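Since the structure comes first, as structure tokens, the remarks are kept for the end.
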Amino acid sequence: MEDAELQTTETSLGGRPDGHVVAVSGSVVDIAFPGKMLPPIGHAVEIQMDTGRTLTVEVQQHVDQTKIRGVAMQETAGLGGGMAAHDTGAPIRVPAGNAVLGRLLNVVGEPIDHGAPFGTDVPRLPIHRKAPKISEQKGSRDIFLTGIKTIDLLAPLVQGGKAAMFGGAGVGKTVLIMELIRSTVEHHSGISVFAGIGERSREGHELWQDLKNSGVLERTALVFGQMNEPPGARWRVGMSALTIAEYFRDTLEQNVLLLIDNVFRFVQAGSEVSGLLGRLPSRVGYQPTLSTEIAELQERIASVRNASVTSIQAVYVPADDFTDPAVAETFTHLDSSIVLSREMASQGLYPAIDPLASTSGLLDPSLVGAEHYDTAEEVRRLIEHYRELQEIISLLGMEELSAADRQAVGRARRLIRYLTQPFAVTAQFTGMQGVSVPLEQTLRDCRSIMRGDTDEIAESDFYMIGALDSAKQGAA
Ligand SMILES: Nc1ncnc2c1ncn2[C@@H]1O[C@H](COP(=O)(O)OP(=O)(O)OP(=O)(O)O)[C@@H](O)[C@H]1O
């Protein structure tokens, strides 16, 4: 997109030549600019529809010297040959700054919340930009606490870092991201930007209502390109949200919390677009540009000297296959990876976070301190040992285990149950109030369980509690 960026000049605005539509095939639109300079790749070309709406097409290819091929950001129903098209002289530009707070936008920055349109005084920025230079980026080693026991203990998030939740269909990604929004947006001092990519649109509206009810909507901007929208919108909406986040970070120097649900849908949309443009797929049917596309998005999510962007992303894992190229590629960009397990979900062990597969670069004694690191390691070792013993138990029964192993099994089972937690967002259907647990408490509780202080308390008393006190109360 370098070309597009270089050619985004004010002088080019309005003074660009007009063309006309020559062919429409689904989301792909061919536009001719006979005898004129073609708009560069990445530019937005606009078409005024009879219905009064504006259709935006992003230039993807120069088919020949007079014609471009682009991808539409909206449905192309009603679009026909001969309709006039106008090069905007820039990539898609979205409104940014305080005016977008509390608002719901689409990929091209139009309000979709039935609110007032954005005025001409609102700054607009092109959605294609380069990531900040490595020398300008700032790495942080501070923990971003969530109050969710397993996450803070085993896969702590980094302030100004990137974290993602991986999971197949229906294992609890959306519930977890909603809970994280609840628990972090309220305590987060900066602003939040939410990018809804390719998920159910109902969820988007529920979120909007939810944020409104909890009084944090005025510090949040929401940008949506959901599953009912064409691939172009789902492909570019992440960039639109990022552009808004970058403006807060760079111009207003505010810390930003960027939430993306679901990053896999961005890759999938890119693959659809690639297919529509007739490009040959490479690995497992993905677009040949898979890694570059993921890097283009992920590398822009960065913290700089004066302000940070902390990002929490949901990643759908197709067919529970973690070796899927889109999933594997996303892993490489993260500071913390939270892996959701179908097996745990099927046992009702929510949040179904796999304690062994979830990791964080922060989990180092020199960063989080020896107590946290040692406790996390010990928890992992105990659960791993339990998993090894499970096979023997299923074959021979508990009786065949040594006394020490039996004790380990009992403690591991208590620990696994202790690491479940009722969420505020599920209170409606579980009937349990959500609880947040401070990290120090989680560390104390885990040590206490592993030491054997709670061996006499029934396993079921550890299930879906906050701090250990509630298990003790349940036992009393
Ligand atoms: N923390 C939780 N506590 C209780 N129930 C949960 C929890 N997380 C998930 N569930 C149950 O699992 C269901 C699916 O969760 P969710 O919609 O978050 O999955 P998902 O991974 O986002 O699915 P999809 O890929 O279909 O979007 C929920 O409707 C709920 O019944």
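Following the order of the structure tokens, chains are lettered A, B, ..., residues in each are numbered from 1, and ligands are numbered from 1.
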Can you build me a table of chain A residues sitting at most 6 Å from ligand 1, with the closest atom pair per residue and its distance in Å to one decimal, using only C-alpha atoms and all ligand atoms, sorted by chain and residue number, as JSON lines?
{"residue": "A:Gly167", "atom": "CA", "partner": "ligand 1", "partner_atom_place_in_ligand_line": "21 (O)", "distance": 6.0}
{"residue": "A:Gly168", "atom": "CA", "partner": "ligand 1", "partner_atom_place_in_ligand_line": "25 (O)", "distance": 5.9}
{"residue": "A:Ala169", "atom": "CA", "partner": "ligand 1", "partner_atom_place_in_ligand_line": "25 (O)", "distance": 3.5}
{"residue": "A:Gly170", "atom": "CA", "partner": "ligand 1", "partner_atom_place_in_ligand_line": "23 (O)", "distance": 3.2}
{"residue": "A:Val171", "atom": "CA", "partner": "ligand 1", "partner_atom_place_in_ligand_line": "21 (O)", "distance": 4.1}
{"residue": "A:Gly172", "atom": "CA", "partner": "ligand 1", "partner_atom_place_in_ligand_line": "18 (O)", "distance": 3.1}
{"residue": "A:Lys173", "atom": "CA", "partner": "ligand 1", "partner_atom_place_in_ligand_line": "21 (O)", "distance": 3.8}
{"residue": "A:Thr174", "atom": "CA", "partner": "ligand 1", "partner_atom_place_in_ligand_line": "18 (O)", "distance": 3.6}
{"residue": "A:Val175", "atom": "CA", "partner": "ligand 1", "partner_atom_place_in_ligand_line": "18 (O)", "distance": 3.8}
{"residue": "A:Tyr350", "atom": "CA", "partner": "ligand 1", "partner_atom_place_in_ligand_line": "1 (N)", "distance": 4.5}
{"residue": "A:Pro351", "atom": "CA", "partner": "ligand 1", "partner_atom_place_in_ligand_line": "1 (N)", "distance": 4.3}
{"residue": "A:Phe423", "atom": "CA", "partner": "ligand 1", "partner_atom_place_in_ligand_line": "1 (N)", "distance": 5.9}
{"residue": "A:Thr426", "atom": "CA", "partner": "ligand 1", "partner_atom_place_in_ligand_line": "3 (N)", "distance": 5.8}
Kindly export the residues of the current selection with C-alpha atoms, as a short mmCIF file (atom, residue, chain, number, x, y, z; two decimals), in the first residue's frame.
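To be explicit, this is the file written out as selection.cif:
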data_model
loop_
_atom_site.label_atom_id
_atom_site.label_comp_id
_atom_site.auth_asym_id
_atom_site.auth_seq_id
_atom_site.Cartn_x
_atom_site.Cartn_y
_atom_site.Cartn_z
CA GLY A 167 -10.62 -21.81 20.09
CA GLY A 168 -12.85 -23.85 17.82
CA ALA A 169 -16.57 -23.22 17.41
CA GLY A 170 -18.55 -22.75 20.59
CA VAL A 171 -15.81 -23.15 23.21
CA GLY A 172 -16.33 -19.71 24.71
CA LYS A 173 -14.30 -17.12 22.76
CA THR A 174 -17.08 -14.58 22.56
CA VAL A 175 -18.05 -15.03 26.20
CA TYR A 350 -15.40 -22.56 32.17
CA PRO A 351 -13.52 -20.50 31.16
CA PHE A 423 -18.46 -14.48 34.73
CA THR A 426 -22.97 -15.26 31.88
#
| task | List every residue of region 45-175 of chain A that DSSP, applied to the backbone, labels as alpha helix (DSSP H), and write the result as a PyMOL selection string. | result | chain A and resi 149-154+173-175
| task | Choose the residue, out of A:Ser436, A:Thr220, A:Ser402, A:Ser291, that has the smallest atom-to-atom separation from Val327 (chain A); count only C-alpha atoms. | result |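 For Val327 (chain A), the nearest of the given residues is A:Ser291.
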| request: With a distance cut-off of 9 Å and only C-alpha atoms, select the neighbouring residues of His188 (chain A), excluding the residue or stretch itself and same-chain residues fewer than 3 positions from it, and output the selection as a list in words. | output: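 Returned residues: Ser183, Thr184, Val185, Ile191, Ser192, Asn255, Val256 and Leu257 of chain A.
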Restricting it to C-alpha atoms, dump the selection as a PDB file, in the first residue's frame.
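again-v5.pdb, freshly written:
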ATOM      1  CA  SER A 183     -13.507  -6.378  33.444  1.00  0.00           C
ATOM      2  CA  THR A 184     -10.924  -4.271  31.663  1.00  0.00           C
ATOM      3  CA  VAL A 185     -12.736  -1.418  29.922  1.00  0.00           C
ATOM      4  CA  ILE A 191     -10.207   4.599  25.472  1.00  0.00           C
ATOM      5  CA  SER A 192     -11.289   1.378  23.808  1.00  0.00           C
ATOM      6  CA  ASN A 255      -3.642   4.563  25.881  1.00  0.00           C
ATOM      7  CA  VAL A 256      -5.896   2.378  23.795  1.00  0.00           C
ATOM      8  CA  LEU A 257      -7.441  -1.004  24.394  1.00  0.00           C
TER       9      LEU A 257
END
| message | So that I can check the surroundings of Gly198 (chain A), please list as a list in words every protein, DNA and RNA residue that reaches within 10 Å of it, counting only C-alpha atoms and ignoring chain neighbours fewer than 2 positions away. | response | Ala195, Gly196, Arg200, Ser201, Phe224, Gly225, Gln226, Met227, Asn228, Glu229, Pro230, Pro231, Ala233, Arg234, Trp235, Val237, Asp261, Asn262, Val263, Phe264, Arg265, Phe266, Gln268 and Ala269 of chain A
Written selection (N, CA and C atoms) as a tab-separated table (two decimals), in the first residue's frame:
chain	number	residue	atom	x	y	z
A	195	ALA	N	-13.28	-3.88	17.26
A	195	ALA	CA	-13.46	-4.23	15.85
A	195	ALA	C	-14.23	-5.53	15.77
A	196	GLY	N	-15.42	-5.48	15.19
A	196	GLY	CA	-16.22	-6.69	15.02
A	196	GLY	C	-16.03	-7.17	13.58
A	200	ARG	N	-21.47	-12.62	14.29
A	200	ARG	CA	-22.91	-12.35	14.18
A	200	ARG	C	-23.19	-10.88	14.48
A	201	SER	N	-24.03	-10.25	13.67
A	201	SER	CA	-24.27	-8.82	13.88
A	201	SER	C	-25.09	-8.59	15.15
A	224	PHE	N	-17.73	-2.10	12.84
A	224	PHE	CA	-18.22	-3.43	12.48
A	224	PHE	C	-18.23	-3.72	11.00
A	225	GLY	N	-17.82	-4.94	10.66
A	225	GLY	CA	-17.99	-5.49	9.32
A	225	GLY	C	-18.35	-6.95	9.57
A	226	GLN	N	-19.63	-7.23	9.77
A	226	GLN	CA	-20.02	-8.54	10.29
A	226	GLN	C	-20.29	-9.58	9.21
A	227	MET	N	-20.70	-10.77	9.63
A	227	MET	CA	-20.78	-11.89	8.69
A	227	MET	C	-21.81	-11.69	7.57
A	228	ASN	N	-22.77	-10.80	7.78
A	228	ASN	CA	-23.76	-10.54	6.74
A	228	ASN	C	-23.25	-9.55	5.69
A	229	GLU	N	-22.04	-9.03	5.90
A	229	GLU	CA	-21.50	-8.03	4.97
A	229	GLU	C	-20.57	-8.67	3.94
A	230	PRO	N	-20.35	-8.00	2.79
A	230	PRO	CA	-19.50	-8.59	1.76
A	230	PRO	C	-18.04	-8.74	2.21
A	231	PRO	N	-17.28	-9.62	1.53
A	231	PRO	CA	-15.91	-9.90	1.96
A	231	PRO	C	-15.04	-8.65	2.07
A	233	ALA	N	-15.76	-5.68	3.06
A	233	ALA	CA	-15.98	-5.00	4.34
A	233	ALA	C	-15.30	-5.76	5.48
A	234	ARG	N	-15.41	-7.09	5.45
A	234	ARG	CA	-14.80	-7.90	6.52
A	234	ARG	C	-13.28	-7.88	6.43
A	235	TRP	N	-12.78	-7.67	5.24
A	235	TRP	CA	-11.33	-7.68	5.01
A	235	TRP	C	-10.70	-6.37	5.48
A	237	VAL	N	-12.26	-3.92	7.56
A	237	VAL	CA	-12.78	-3.26	8.76
A	237	VAL	C	-11.75	-3.25	9.91
A	261	ASP	N	-12.73	-9.12	17.40
A	261	ASP	CA	-13.46	-10.38	17.36
A	261	ASP	C	-14.08	-10.50	15.97
A	262	ASN	N	-13.55	-11.23	15.05
A	262	ASN	CA	-12.60	-12.28	15.18
A	262	ASN	C	-11.52	-12.17	14.10
A	263	VAL	N	-10.26	-12.26	14.51
A	263	VAL	CA	-9.16	-12.04	13.59
A	263	VAL	C	-9.10	-13.09	12.47
A	264	PHE	N	-9.59	-14.29	12.78
A	264	PHE	CA	-9.60	-15.33	11.74
A	264	PHE	C	-10.49	-14.92	10.57
A	265	ARG	N	-11.57	-14.22	10.89
A	265	ARG	CA	-12.51	-13.82	9.84
A	265	ARG	C	-11.88	-12.81	8.88
A	266	PHE	N	-10.90	-12.06	9.38
A	266	PHE	CA	-10.15	-11.13	8.53
A	266	PHE	C	-9.35	-11.93	7.50
A	268	GLN	N	-9.94	-15.00	6.56
A	268	GLN	CA	-10.89	-15.69	5.70
A	268	GLN	C	-11.43	-14.75	4.61
A	269	ALA	N	-11.74	-13.50	5.01
A	269	ALA	CA	-12.24	-12.53	4.03
A	269	ALA	C	-11.17	-12.25	2.98
| task | Show which residues sit within 10 Å of Ala467 (chain A), as a ChimeraX atom specification. Count only C-alpha atoms, and ignore same-chain residues fewer than 2 positions away. | result | /A:149,418-419,421,435-438,441-442,444-446,462,464-465,469-472
Go ahead and dump the residues you just picked, N, CA and C atoms, as a PDB file, in the first residue's frame.
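The resulting file, out.pdb, is reproduced below:
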ATOM      1  N   LYS A 149      -8.783 -15.616  36.988  1.00  0.00           N
ATOM      2  CA  LYS A 149      -7.720 -16.355  37.681  1.00  0.00           C
ATOM      3  C   LYS A 149      -6.731 -17.023  36.736  1.00  0.00           C
ATOM      4  N   TYR A 418     -10.956 -25.073  40.994  1.00  0.00           N
ATOM      5  CA  TYR A 418     -10.735 -23.714  41.516  1.00  0.00           C
ATOM      6  C   TYR A 418     -10.502 -22.718  40.367  1.00  0.00           C
ATOM      7  N   LEU A 419      -9.858 -23.180  39.304  1.00  0.00           N
ATOM      8  CA  LEU A 419      -9.549 -22.275  38.185  1.00  0.00           C
ATOM      9  C   LEU A 419     -10.762 -21.969  37.294  1.00  0.00           C
ATOM     10  N   GLN A 421     -14.439 -20.092  36.936  1.00  0.00           N
ATOM     11  CA  GLN A 421     -14.824 -18.797  37.524  1.00  0.00           C
ATOM     12  C   GLN A 421     -16.150 -18.328  36.930  1.00  0.00           C
ATOM     13  N   VAL A 435     -17.412 -12.866  39.375  1.00  0.00           N
ATOM     14  CA  VAL A 435     -16.437 -12.399  40.370  1.00  0.00           C
ATOM     15  C   VAL A 435     -15.088 -12.156  39.718  1.00  0.00           C
ATOM     16  N   SER A 436     -14.381 -11.182  40.287  1.00  0.00           N
ATOM     17  CA  SER A 436     -13.046 -10.866  39.820  1.00  0.00           C
ATOM     18  C   SER A 436     -12.107 -11.205  40.984  1.00  0.00           C
ATOM     19  N   VAL A 437     -10.958 -11.803  40.697  1.00  0.00           N
ATOM     20  CA  VAL A 437     -10.063 -12.191  41.790  1.00  0.00           C
ATOM     21  C   VAL A 437      -8.692 -11.528  41.583  1.00  0.00           C
ATOM     22  N   PRO A 438      -8.199 -10.806  42.603  1.00  0.00           N
ATOM     23  CA  PRO A 438      -6.875 -10.195  42.453  1.00  0.00           C
ATOM     24  C   PRO A 438      -5.797 -11.275  42.330  1.00  0.00           C
ATOM     25  N   GLN A 441      -4.362 -12.948  45.440  1.00  0.00           N
ATOM     26  CA  GLN A 441      -5.282 -13.907  46.052  1.00  0.00           C
ATOM     27  C   GLN A 441      -5.207 -15.245  45.318  1.00  0.00           C
ATOM     28  N   THR A 442      -5.193 -15.196  43.986  1.00  0.00           N
ATOM     29  CA  THR A 442      -5.100 -16.428  43.184  1.00  0.00           C
ATOM     30  C   THR A 442      -3.824 -17.183  43.543  1.00  0.00           C
ATOM     31  N   ARG A 444      -2.055 -17.034  46.327  1.00  0.00           N
ATOM     32  CA  ARG A 444      -2.177 -17.577  47.705  1.00  0.00           C
ATOM     33  C   ARG A 444      -3.041 -18.834  47.688  1.00  0.00           C
ATOM     34  N   ASP A 445      -4.182 -18.743  46.990  1.00  0.00           N
ATOM     35  CA  ASP A 445      -5.129 -19.860  46.953  1.00  0.00           C
ATOM     36  C   ASP A 445      -4.511 -21.097  46.300  1.00  0.00           C
ATOM     37  N   CYS A 446      -3.820 -20.892  45.181  1.00  0.00           N
ATOM     38  CA  CYS A 446      -3.219 -22.043  44.483  1.00  0.00           C
ATOM     39  C   CYS A 446      -2.188 -22.720  45.374  1.00  0.00           C
ATOM     40  N   PHE A 462     -15.121 -26.335  45.050  1.00  0.00           N
ATOM     41  CA  PHE A 462     -14.148 -25.466  44.382  1.00  0.00           C
ATOM     42  C   PHE A 462     -14.670 -24.969  43.035  1.00  0.00           C
ATOM     43  N   MET A 464     -16.632 -23.150  40.188  1.00  0.00           N
ATOM     44  CA  MET A 464     -17.286 -21.863  39.921  1.00  0.00           C
ATOM     45  C   MET A 464     -17.310 -20.942  41.147  1.00  0.00           C
ATOM     46  N   ILE A 465     -16.140 -20.780  41.718  1.00  0.00           N
ATOM     47  CA  ILE A 465     -16.035 -19.831  42.830  1.00  0.00           C
ATOM     48  C   ILE A 465     -15.057 -18.727  42.447  1.00  0.00           C
ATOM     49  N   ASP A 469     -11.892 -18.568  49.797  1.00  0.00           N
ATOM     50  CA  ASP A 469     -12.765 -18.361  50.969  1.00  0.00           C
ATOM     51  C   ASP A 469     -14.160 -18.900  50.727  1.00  0.00           C
ATOM     52  N   SER A 470     -14.644 -18.719  49.474  1.00  0.00           N
ATOM     53  CA  SER A 470     -16.010 -19.166  49.204  1.00  0.00           C
ATOM     54  C   SER A 470     -16.121 -20.683  49.229  1.00  0.00           C
ATOM     55  N   ALA A 471     -15.038 -21.411  48.905  1.00  0.00           N
ATOM     56  CA  ALA A 471     -15.062 -22.871  48.978  1.00  0.00           C
ATOM     57  C   ALA A 471     -15.121 -23.275  50.446  1.00  0.00           C
ATOM     58  N   LYS A 472     -14.355 -22.559  51.238  1.00  0.00           N
ATOM     59  CA  LYS A 472     -14.312 -22.876  52.675  1.00  0.00           C
ATOM     60  C   LYS A 472     -15.660 -22.618  53.317  1.00  0.00           C
TER      61      LYS A 472
END
| message | So, with only C-alpha atoms as the atoms that count, which of A:Arg414, A:Arg103, A:Arg124, A:Lys162 lies closest to Leu258 (chain A)? | response |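 Among A:Arg414, A:Arg103, A:Arg124, A:Lys162, it is A:Lys162 that comes nearest to Leu258 (chain A).
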| message | If we count only C-alpha atoms and set the cut-off at 7 Å, which residues sit around Tyr373 (chain A), ignoring sequence neighbours fewer than 5 positions away in its own chain? Please answer as a list in words. | response |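 What passes the distance filter is Leu363, Asp364, Pro365 and Val368 of chain A.
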| message | Let me make sure I understand: among A:Leu211, A:Leu349, A:Ala241, A:Leu277, which one has the smallest atom-to-atom distance to Gln61 (chain A) if we use only C-alpha atoms? | response |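 The closest residue to Gln61 (chain A) is A:Leu277.
When the distance limit is 12 Å and only C-alpha atoms are what count, the residues near His114 (chain A), minus those fewer than 4 positions from it on the same chain, are Arg103, Leu104, Leu105, Asn106, Glu110 and Phe118 of chain A.
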| request: Pull the strand (DSSP E or B) assignments for region 88-168 of chain A out of DSSP run on the backbone, and list those residues as a ChimeraX atom specification. | output: /A:93-95,104-105,111,124-126,137,143-144,157-158,162-167
Those residues you just picked out, can you put them in a file as a PDB file, in the first residue's frame with N, CA and C atoms?
ATOM      1  N   ARG A  93     -11.103   6.526   3.870  1.00  0.00           N
ATOM      2  CA  ARG A  93     -10.716   7.340   5.035  1.00  0.00           C
ATOM      3  C   ARG A  93     -11.821   7.286   6.080  1.00  0.00           C
ATOM      4  N   VAL A  94     -11.410   7.100   7.330  1.00  0.00           N
ATOM      5  CA  VAL A  94     -12.419   6.987   8.389  1.00  0.00           C
ATOM      6  C   VAL A  94     -12.290   8.139   9.375  1.00  0.00           C
ATOM      7  N   PRO A  95     -13.411   8.572   9.949  1.00  0.00           N
ATOM      8  CA  PRO A  95     -13.343   9.641  10.943  1.00  0.00           C
ATOM      9  C   PRO A  95     -12.610   9.157  12.190  1.00  0.00           C
ATOM     10  N   LEU A 104     -21.052   3.785  16.619  1.00  0.00           N
ATOM     11  CA  LEU A 104     -20.960   2.510  15.916  1.00  0.00           C
ATOM     12  C   LEU A 104     -20.749   2.847  14.434  1.00  0.00           C
ATOM     13  N   LEU A 105     -19.623   2.362  13.858  1.00  0.00           N
ATOM     14  CA  LEU A 105     -19.263   2.738  12.482  1.00  0.00           C
ATOM     15  C   LEU A 105     -19.140   1.505  11.597  1.00  0.00           C
ATOM     16  N   PRO A 111     -21.667   6.235  10.201  1.00  0.00           N
ATOM     17  CA  PRO A 111     -22.329   5.777  11.426  1.00  0.00           C
ATOM     18  C   PRO A 111     -23.425   4.765  11.104  1.00  0.00           C
ATOM     19  N   ARG A 124     -10.267  12.922   9.217  1.00  0.00           N
ATOM     20  CA  ARG A 124     -10.427  11.634   8.527  1.00  0.00           C
ATOM     21  C   ARG A 124      -9.058  11.140   8.110  1.00  0.00           C
ATOM     22  N   LEU A 125      -8.837   9.864   8.320  1.00  0.00           N
ATOM     23  CA  LEU A 125      -7.512   9.318   8.015  1.00  0.00           C
ATOM     24  C   LEU A 125      -7.610   8.110   7.106  1.00  0.00           C
ATOM     25  N   PRO A 126      -6.628   7.968   6.194  1.00  0.00           N
ATOM     26  CA  PRO A 126      -6.621   6.794   5.317  1.00  0.00           C
ATOM     27  C   PRO A 126      -6.357   5.522   6.119  1.00  0.00           C
ATOM     28  N   GLN A 137       8.914   2.049  18.564  1.00  0.00           N
ATOM     29  CA  GLN A 137       8.028   1.210  19.373  1.00  0.00           C
ATOM     30  C   GLN A 137       8.587   1.042  20.769  1.00  0.00           C
ATOM     31  N   ILE A 143       2.312  -6.073  33.736  1.00  0.00           N
ATOM     32  CA  ILE A 143       1.194  -6.993  33.574  1.00  0.00           C
ATOM     33  C   ILE A 143      -0.119  -6.202  33.470  1.00  0.00           C
ATOM     34  N   PHE A 144      -1.003  -6.675  32.615  1.00  0.00           N
ATOM     35  CA  PHE A 144      -2.314  -6.052  32.430  1.00  0.00           C
ATOM     36  C   PHE A 144      -3.312  -7.001  33.100  1.00  0.00           C
ATOM     37  N   LEU A 157      -1.547 -11.064  30.560  1.00  0.00           N
ATOM     38  CA  LEU A 157      -1.515 -10.142  29.433  1.00  0.00           C
ATOM     39  C   LEU A 157      -0.479  -9.057  29.720  1.00  0.00           C
ATOM     40  N   VAL A 158       0.064  -8.502  28.647  1.00  0.00           N
ATOM     41  CA  VAL A 158       1.085  -7.459  28.772  1.00  0.00           C
ATOM     42  C   VAL A 158       0.447  -6.108  28.487  1.00  0.00           C
ATOM     43  N   LYS A 162       0.139  -7.708  22.821  1.00  0.00           N
ATOM     44  CA  LYS A 162      -0.907  -8.368  22.040  1.00  0.00           C
ATOM     45  C   LYS A 162      -1.241  -9.723  22.645  1.00  0.00           C
ATOM     46  N   ALA A 163      -2.518  -9.962  22.839  1.00  0.00           N
ATOM     47  CA  ALA A 163      -2.938 -11.254  23.367  1.00  0.00           C
ATOM     48  C   ALA A 163      -4.054 -11.777  22.492  1.00  0.00           C
ATOM     49  N   ALA A 164      -4.143 -13.104  22.379  1.00  0.00           N
ATOM     50  CA  ALA A 164      -5.262 -13.652  21.608  1.00  0.00           C
ATOM     51  C   ALA A 164      -5.804 -14.896  22.276  1.00  0.00           C
ATOM     52  N   MET A 165      -7.096 -15.106  22.057  1.00  0.00           N
ATOM     53  CA  MET A 165      -7.772 -16.300  22.551  1.00  0.00           C
ATOM     54  C   MET A 165      -8.086 -17.185  21.384  1.00  0.00           C
ATOM     55  N   PHE A 166      -7.612 -18.403  21.430  1.00  0.00           N
ATOM     56  CA  PHE A 166      -7.797 -19.337  20.314  1.00  0.00           C
ATOM     57  C   PHE A 166      -8.810 -20.395  20.700  1.00  0.00           C
ATOM     58  N   GLY A 167      -9.700 -20.724  19.789  1.00  0.00           N
ATOM     59  CA  GLY A 167     -10.625 -21.811  20.093  1.00  0.00           C
ATOM     60  C   GLY A 167     -11.509 -22.151  18.918  1.00  0.00           C
TER      61      GLY A 167
END
| Nearest to Leu252 (chain A): which of A:Gly102, A:Arg451, A:Gln48, A:Ala307 is it, counting only C-alpha atoms? |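 Counting only C-alpha atoms, the residue closest to Leu252 (chain A) is A:Ala307.
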| said: For a quick check of understanding, using only C-alpha atoms, which of A:Met49, A:Ala376, A:Leu395, A:Val71 has the smallest distance to Ser360 (chain A)? | reply: A:Ala376
| query | Any idea what the distance is between CA of Asp354 (chain A) and CA of Tyr286 (chain A)? | reply |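 Between CA of Asp354 (chain A) and CA of Tyr286 (chain A) the gap is 27.6 Å.
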| Nearest to Glu199 (chain A) by atom-to-atom distance, counting only C-alpha atoms, from A:Arg219, A:Arg406, A:Ile260, A:Asp152 |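 Checking each of A:Arg219, A:Arg406, A:Ile260, A:Asp152 against Glu199 (chain A), counting only C-alpha atoms, the winner is A:Ile260.
Between CA of Ala245 (chain A) and CA of Val216 (chain A) the interatomic distance comes to 16.5 Å.
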